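Trainee: This is the content of coords17.pdb (PDB, C-alpha atoms):
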```pdb
ATOM      1  CA  MET S   1     141.895  81.407 120.235  1.00  0.00           C
ATOM      2  CA  LYS S   2     141.062  81.486 116.576  1.00  0.00           C
ATOM      3  CA  LYS S   3     141.040  85.277 116.688  1.00  0.00           C
ATOM      4  CA  ASP S   4     144.538  85.391 118.140  1.00  0.00           C
ATOM      5  CA  LYS S   5     145.826  82.967 115.507  1.00  0.00           C
ATOM      6  CA  LEU S   6     144.253  85.057 112.779  1.00  0.00           C
ATOM      7  CA  LYS S   7     145.764  88.251 114.198  1.00  0.00           C
ATOM      8  CA  LYS S   8     149.201  86.623 114.381  1.00  0.00           C
ATOM      9  CA  ARG S   9     148.920  85.450 110.789  1.00  0.00           C
ATOM     10  CA  TRP S  10     147.892  88.935 109.617  1.00  0.00           C
ATOM     11  CA  ALA S  11     150.746  90.455 111.610  1.00  0.00           C
ATOM     12  CA  ILE S  12     153.245  87.996 110.100  1.00  0.00           C
ATOM     13  CA  LEU S  13     151.807  88.670 106.644  1.00  0.00           C
ATOM     14  CA  GLY S  14     152.064  92.432 107.264  1.00  0.00           C
ATOM     15  CA  VAL S  15     155.692  92.110 108.361  1.00  0.00           C
ATOM     16  CA  ILE S  16     156.505  89.980 105.306  1.00  0.00           C
ATOM     17  CA  TRP S  17     154.852  92.499 102.948  1.00  0.00           C
ATOM     18  CA  THR S  18     156.623  95.371 104.703  1.00  0.00           C
ATOM     19  CA  ILE S  19     159.942  93.591 104.223  1.00  0.00           C
ATOM     20  CA  VAL S  20     159.051  92.899 100.569  1.00  0.00           C
ATOM     21  CA  LEU S  21     158.167  96.565  99.977  1.00  0.00           C
ATOM     22  CA  ILE S  22     161.364  97.760 101.668  1.00  0.00           C
ATOM     23  CA  PHE S  23     163.446  95.423  99.514  1.00  0.00           C
ATOM     24  CA  THR S  24     161.514  96.536  96.407  1.00  0.00           C
ATOM     25  CA  TYR S  25     162.219 100.244  97.068  1.00  0.00           C
ATOM     26  CA  TRP S  26     165.842  99.478  97.973  1.00  0.00           C
ATOM     27  CA  ASN S  27     166.225  97.425  94.763  1.00  0.00           C
ATOM     28  CA  ALA S  28     164.648 100.224  92.661  1.00  0.00           C
ATOM     29  CA  ASP S  29     167.034 102.754  94.239  1.00  0.00           C
ATOM     30  CA  LYS S  30     170.030 100.519  93.448  1.00  0.00           C
ATOM     31  CA  ILE S  31     168.851 100.103  89.845  1.00  0.00           C
ATOM     32  CA  ASP S  32     168.506 103.899  89.478  1.00  0.00           C
ATOM     33  CA  ALA S  33     172.030 104.357  90.892  1.00  0.00           C
ATOM     34  CA  ILE S  34     173.411 101.805  88.428  1.00  0.00           C
ATOM     35  CA  ILE S  35     171.652 103.542  85.525  1.00  0.00           C
ATOM     36  CA  ARG S  36     173.059 106.928  86.630  1.00  0.00           C
ATOM     37  CA  ASP S  37     176.557 105.447  86.868  1.00  0.00           C
ATOM     38  CA  ARG S  38     176.242 103.860  83.435  1.00  0.00           C
ATOM     39  CA  LYS S  39     175.156 107.193  81.941  1.00  0.00           C
ATOM     40  CA  ALA S  40     178.070 108.976  83.615  1.00  0.00           C
ATOM     41  CA  ASN S  41     180.495 106.301  82.393  1.00  0.00           C
ATOM     42  CA  GLU S  42     179.100 106.612  78.858  1.00  0.00           C
ATOM     43  CA  ILE S  43     179.604 110.383  78.965  1.00  0.00           C
ATOM     44  CA  PHE S  44     183.203 109.922  80.142  1.00  0.00           C
ATOM     45  CA  ARG S  45     183.796 107.261  77.490  1.00  0.00           C
ATOM     46  CA  GLN S  46     182.401 109.501  74.735  1.00  0.00           C
ATOM     47  CA  ASP S  47     184.487 112.414  76.042  1.00  0.00           C
ATOM     48  CA  ALA S  48     187.657 110.304  76.035  1.00  0.00           C
ATOM     49  CA  LYS S  49     186.836 109.063  72.530  1.00  0.00           C
ATOM     50  CA  PHE S  50     186.344 112.671  71.345  1.00  0.00           C
ATOM     51  CA  TRP S  51     189.663 113.784  72.842  1.00  0.00           C
ATOM     52  CA  LYS S  52     191.445 110.769  71.370  1.00  0.00           C
ATOM     53  CA  TYR S  53     190.189 111.444  67.841  1.00  0.00           C
ATOM     54  CA  ASN S  54     190.507 115.237  67.994  1.00  0.00           C
ATOM     55  CA  SER S  55     193.576 115.816  70.165  1.00  0.00           C
ATOM     56  CA  LYS S  56     195.815 116.668  67.208  1.00  0.00           C
ATOM     57  CA  ASN S  57     193.320 119.204  65.862  1.00  0.00           C
ATOM     58  CA  ILE S  58     192.753 120.712  69.295  1.00  0.00           C
ATOM     59  CA  TYR S  59     196.499 121.005  69.840  1.00  0.00           C
ATOM     60  CA  ARG S  60     196.919 122.633  66.412  1.00  0.00           C
ATOM     61  CA  ILE S  61     194.098 125.098  67.092  1.00  0.00           C
ATOM     62  CA  LEU S  62     195.577 126.045  70.468  1.00  0.00           C
ATOM     63  CA  GLU S  63     198.995 126.546  68.870  1.00  0.00           C
ATOM     64  CA  ASN S  64     197.444 128.724  66.137  1.00  0.00           C
ATOM     65  CA  LYS S  65     195.635 130.753  68.801  1.00  0.00           C
ATOM     66  CA  LYS S  66     198.987 131.482  70.447  1.00  0.00           C
ATOM     67  CA  LEU S  67     200.197 132.963  67.156  1.00  0.00           C
ATOM     68  CA  LEU S  68     197.357 135.494  67.079  1.00  0.00           C
ATOM     69  CA  SER S  69     198.967 137.661  69.753  1.00  0.00           C
ATOM     70  CA  GLN S  70     202.601 138.409  70.429  1.00  0.00           C
ATOM     71  CA  PRO S  71     203.808 137.788  73.985  1.00  0.00           C
ATOM     72  CA  VAL S  72     205.856 140.822  75.107  1.00  0.00           C
ATOM     73  CA  GLU S  73     207.338 142.053  78.364  1.00  0.00           C
ATOM     74  CA  SER S  74     206.092 145.574  77.679  1.00  0.00           C
ATOM     75  CA  LEU S  75     204.028 147.221  74.988  1.00  0.00           C
ATOM     76  CA  LYS S  76     206.849 149.602  74.068  1.00  0.00           C
ATOM     77  CA  ILE S  77     209.283 146.753  73.413  1.00  0.00           C
ATOM     78  CA  GLY S  78     206.692 144.854  71.389  1.00  0.00           C
ATOM     79  CA  LEU S  79     205.804 147.947  69.361  1.00  0.00           C
ATOM     80  CA  LEU S  80     209.473 148.630  68.660  1.00  0.00           C
ATOM     81  CA  SER S  81     209.988 145.086  67.340  1.00  0.00           C
ATOM     82  CA  VAL S  82     206.857 145.301  65.183  1.00  0.00           C
ATOM     83  CA  GLU S  83     207.891 148.659  63.718  1.00  0.00           C
ATOM     84  CA  ASN S  84     211.364 147.284  62.948  1.00  0.00           C
ATOM     85  CA  ASP S  85     209.846 144.211  61.280  1.00  0.00           C
ATOM     86  CA  LEU S  86     207.515 146.375  59.189  1.00  0.00           C
ATOM     87  CA  LYS S  87     210.397 148.651  58.154  1.00  0.00           C
ATOM     88  CA  LEU S  88     212.539 145.675  57.134  1.00  0.00           C
ATOM     89  CA  LEU S  89     209.671 144.200  55.148  1.00  0.00           C
ATOM     90  CA  ALA S  90     208.999 147.553  53.473  1.00  0.00           C
ATOM     91  CA  SER S  91     212.645 147.906  52.444  1.00  0.00           C
ATOM     92  CA  LYS S  92     212.565 144.356  51.068  1.00  0.00           C
ATOM     93  CA  TYR S  93     209.732 145.398  48.733  1.00  0.00           C
ATOM     94  CA  ASP S  94     211.415 148.721  47.772  1.00  0.00           C
ATOM     95  CA  PHE S  95     208.878 151.023  49.373  1.00  0.00           C
ATOM     96  CA  TYR S  96     209.807 154.589  50.093  1.00  0.00           C
ATOM     97  CA  GLY S  97     208.341 157.397  52.152  1.00  0.00           C
ATOM     98  CA  LEU S  98     207.379 154.923  54.865  1.00  0.00           C
ATOM     99  CA  LYS S  99     205.576 156.546  57.793  1.00  0.00           C
ATOM    100  CA  ILE S 100     204.493 154.506  60.783  1.00  0.00           C
ATOM    101  CA  GLU S 101     202.134 156.115  63.268  1.00  0.00           C
ATOM    102  CA  SER S 102     201.192 154.380  66.461  1.00  0.00           C
ATOM    103  CA  SER S 103     199.962 155.623  69.782  1.00  0.00           C
ATOM    104  CA  ILE S 104     200.328 153.592  72.933  1.00  0.00           C
ATOM    105  CA  GLY S 105     197.499 155.660  74.393  1.00  0.00           C
ATOM    106  CA  LYS S 106     195.096 154.096  71.880  1.00  0.00           C
ATOM    107  CA  ALA S 107     195.983 150.556  72.973  1.00  0.00           C
ATOM    108  CA  SER S 108     193.210 148.646  74.680  1.00  0.00           C
ATOM    109  CA  ASN S 109     192.318 145.025  75.332  1.00  0.00           C
ATOM    110  CA  GLY S 110     195.569 143.753  73.865  1.00  0.00           C
ATOM    111  CA  ARG S 111     195.100 145.638  70.564  1.00  0.00           C
ATOM    112  CA  MET S 112     196.746 148.750  69.254  1.00  0.00           C
ATOM    113  CA  PRO S 113     196.176 150.462  65.890  1.00  0.00           C
ATOM    114  CA  ILE S 114     199.166 151.170  63.649  1.00  0.00           C
ATOM    115  CA  ASN S 115     198.813 153.433  60.615  1.00  0.00           C
ATOM    116  CA  LEU S 116     201.240 152.999  57.724  1.00  0.00           C
ATOM    117  CA  VAL S 117     201.738 155.163  54.663  1.00  0.00           C
ATOM    118  CA  PHE S 118     204.177 154.221  51.914  1.00  0.00           C
ATOM    119  CA  TYR S 119     204.758 154.506  48.171  1.00  0.00           C
ATOM    120  CA  GLY S 120     205.709 151.750  45.797  1.00  0.00           C
ATOM    121  CA  SER S 121     204.565 149.362  43.111  1.00  0.00           C
ATOM    122  CA  LEU S 122     200.962 148.137  43.374  1.00  0.00           C
ATOM    123  CA  GLU S 123     202.065 144.561  42.726  1.00  0.00           C
ATOM    124  CA  LYS S 124     204.711 144.752  45.438  1.00  0.00           C
ATOM    125  CA  ALA S 125     202.204 146.317  47.831  1.00  0.00           C
ATOM    126  CA  LEU S 126     199.935 143.303  47.378  1.00  0.00           C
ATOM    127  CA  HIS S 127     202.860 140.926  47.917  1.00  0.00           C
ATOM    128  CA  TRP S 128     203.824 142.914  51.006  1.00  0.00           C
ATOM    129  CA  LEU S 129     200.294 142.542  52.418  1.00  0.00           C
ATOM    130  CA  ARG S 130     200.452 138.790  51.796  1.00  0.00           C
ATOM    131  CA  ALA S 131     203.837 138.628  53.568  1.00  0.00           C
ATOM    132  CA  VAL S 132     202.423 140.504  56.575  1.00  0.00           C
ATOM    133  CA  GLN S 133     199.472 138.097  56.763  1.00  0.00           C
ATOM    134  CA  ASP S 134     201.659 135.010  56.432  1.00  0.00           C
ATOM    135  CA  ASN S 135     204.555 136.015  58.700  1.00  0.00           C
ATOM    136  CA  TYR S 136     202.880 138.187  61.305  1.00  0.00           C
ATOM    137  CA  PRO S 137     199.459 136.734  62.224  1.00  0.00           C
ATOM    138  CA  TYR S 138     199.403 138.993  65.287  1.00  0.00           C
ATOM    139  CA  ILE S 139     199.256 142.071  62.988  1.00  0.00           C
ATOM    140  CA  PRO S 140     195.954 141.725  61.112  1.00  0.00           C
ATOM    141  CA  VAL S 141     195.008 144.273  58.472  1.00  0.00           C
ATOM    142  CA  GLY S 142     192.121 146.511  59.457  1.00  0.00           C
ATOM    143  CA  ARG S 143     191.683 148.840  56.507  1.00  0.00           C
ATOM    144  CA  ILE S 144     193.447 149.468  53.215  1.00  0.00           C
ATOM    145  CA  LYS S 145     193.299 152.532  51.013  1.00  0.00           C
ATOM    146  CA  ILE S 146     195.395 152.422  47.857  1.00  0.00           C
ATOM    147  CA  SER S 147     195.640 155.307  45.436  1.00  0.00           C
ATOM    148  CA  PHE S 148     197.268 154.437  42.134  1.00  0.00           C
ATOM    149  CA  ASN S 149     199.129 157.039  40.060  1.00  0.00           C
ATOM    150  CA  GLN S 150     199.043 155.710  36.483  1.00  0.00           C
ATOM    151  CA  GLY S 151     201.670 158.112  35.149  1.00  0.00           C
ATOM    152  CA  ALA S 152     204.245 157.395  37.850  1.00  0.00           C
ATOM    153  CA  LYS S 153     203.218 153.720  38.071  1.00  0.00           C
ATOM    154  CA  ARG S 154     203.266 153.836  41.803  1.00  0.00           C
ATOM    155  CA  ALA S 155     200.745 153.305  44.520  1.00  0.00           C
ATOM    156  CA  GLU S 156     200.213 155.346  47.642  1.00  0.00           C
ATOM    157  CA  CYS S 157     199.117 152.971  50.366  1.00  0.00           C
ATOM    158  CA  HIS S 158     197.372 153.891  53.594  1.00  0.00           C
ATOM    159  CA  ILE S 159     197.034 150.807  55.751  1.00  0.00           C
ATOM    160  CA  LEU S 160     195.567 150.390  59.203  1.00  0.00           C
ATOM    161  CA  LEU S 161     196.989 147.409  61.091  1.00  0.00           C
ATOM    162  CA  TYR S 162     196.025 146.154  64.514  1.00  0.00           C
ATOM    163  CA  TYR S 163     198.911 144.952  66.627  1.00  0.00           C
ATOM    164  CA  ARG S 164     197.685 142.253  69.022  1.00  0.00           C
ATOM    165  CA  TYR S 165     199.892 141.689  72.033  1.00  0.00           C
ATOM    166  CA  GLU S 166     199.831 139.933  75.363  1.00  0.00           C
ATOM    167  CA  ILE S 167     201.861 141.241  78.275  1.00  0.00           C
ATOM    168  CA  SER S 168     203.813 138.302  79.712  1.00  0.00           C
ATOM    169  CA  SER S 169     206.452 137.876  82.340  1.00  0.00           C
ATOM    170  CA  PRO S 170     209.919 136.856  81.099  1.00  0.00           C
ATOM    171  CA  LYS S 171     209.547 133.291  82.453  1.00  0.00           C
ATOM    172  CA  ASP S 172     206.295 132.833  80.453  1.00  0.00           C
ATOM    173  CA  MET S 173     208.045 133.704  77.191  1.00  0.00           C
ATOM    174  CA  VAL S 174     210.688 130.970  77.422  1.00  0.00           C
TER     175      VAL S 174
END
```
Just give me the structure as C-alpha cells.
Mentor:
Amino acid sequence: MKKDKLKKRWAILGVIWTIVLIFTYWNADKIDAIIRDRKANEIFRQDAKFWKYNSKNIYRILENKKLLSQPVESLKIGLLSVENDLKLLASKYDFYGLKIESSIGKASNGRMPINLVFYGSLEKALHWLRAVQDNYPYIPVGRIKISFNQGAKRAECHILLYYRYEISSPKDMV
C-alpha cells in the first residue's frame, strides 16, 4: 500500500512539474513575442518620426529630381523645344553663327548629346552657360571648349550638352 501511495505522489508531482514546465515555455514564448512586437513598434515609430521631420526635404528632393529630365510625348518634339529654347537664349546674349547638331540616333537611356558652336563675347558666353544651368536643369553641360580671339574680342565656343528626357503619355504631363 505504501508503494502505491508513493507512486501516486510521484505521478502527481510529475504531472505538476510537467504543467509547470509547459507554462514556463509558453510564458517564455509569449515574452519573446512581446519583445518582437515592441521592436517592430519601435522601428515603425522611428520611421514615422523620420518621415515627420524630413518630409519637406524629401518632397523637395523628389521635386528637384523631376526637374532633371524633361517629360515629353516624343523625343523629336522635346528636341525641337530644346533647340528653340537654346536659339532664343543665344539671341538674347547676341551670339552669332549658332550651329546646333543633334542626332536622335545617338540617344540612349533618356540622354541625347547636343553639340553647339557659336561666336560671341566671352563674358556673355559665361552668363549664357549660367542661364542654361539655372533655367534648364535637364540640359547639363558635358564639355566646354572656348577659343578666345584677342584681336576680335570674341570667343568661339564649342559646347557639348546632354539633353535628358523622359517619354511620357499626355495624361502624365498634366
Trainee: Convert the output of the PyMOL selection byres ((chain S and resi 160-166) around 7) on the shown file into explicit residues, formatted as a PyMOL selection string.
Mentor: chain S and resi 69-72+110-116+138-144+158-159+167-168
Trainee: Would you kindly translate the PyMOL selection byres ((chain S and resi 128-130) around 9) into the concrete residues it picks from this file, as a list in words?
Mentor: Leu89, Ala90, Lys92, Tyr93, Glu123, Lys124, Ala125, Leu126, His127, Ala131, Val132, Gln133, Asp134, Asn135 and Val141 of chain S
Trainee: How far is it from CA of Asp4 in chain S to CA of Leu21 in chain S, in Å with one decimal?
Mentor: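 Spanning CA of Asp4 in chain S to CA of Leu21 in chain S is a straight-line distance of 25.3 Å.
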Trainee: Taking all atoms listed in the file into account, name the residue in S:Val117, S:Ala107, S:Arg60, S:Gly14 that is nearest to Lys87 in chain S.
Mentor: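 Among the listed residues, S:Val117 lies closest to Lys87 in chain S.
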Trainee: Please measure the separation of CA of Gly120 in chain S and CA of Leu86 in chain S, giving the value in Å to one decimal.
Mentor: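 Taking CA of Gly120 in chain S and CA of Leu86 in chain S, their separation equals 14.5 Å.
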Trainee: One number please: CA of Cys157 in chain S to CA of Gly97 in chain S, in Å, one decimal.
Mentor: 10.4 Å
Trainee: For Ser81 in chain S, which residue among S:Phe95, S:Phe118, S:Tyr53, S:Tyr136 is the nearest when counting only C-alpha atoms?
Mentor: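 Ranked by minimum distance to Ser81 in chain S, first place goes to S:Tyr136.
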Trainee: Go through the shown structure with the PyMOL selection byres ((chain S and resi 148-152) around 10) and write out the matching residues as a PyMOL selection string.
Mentor: chain S and resi 119-122+145-147+153-157
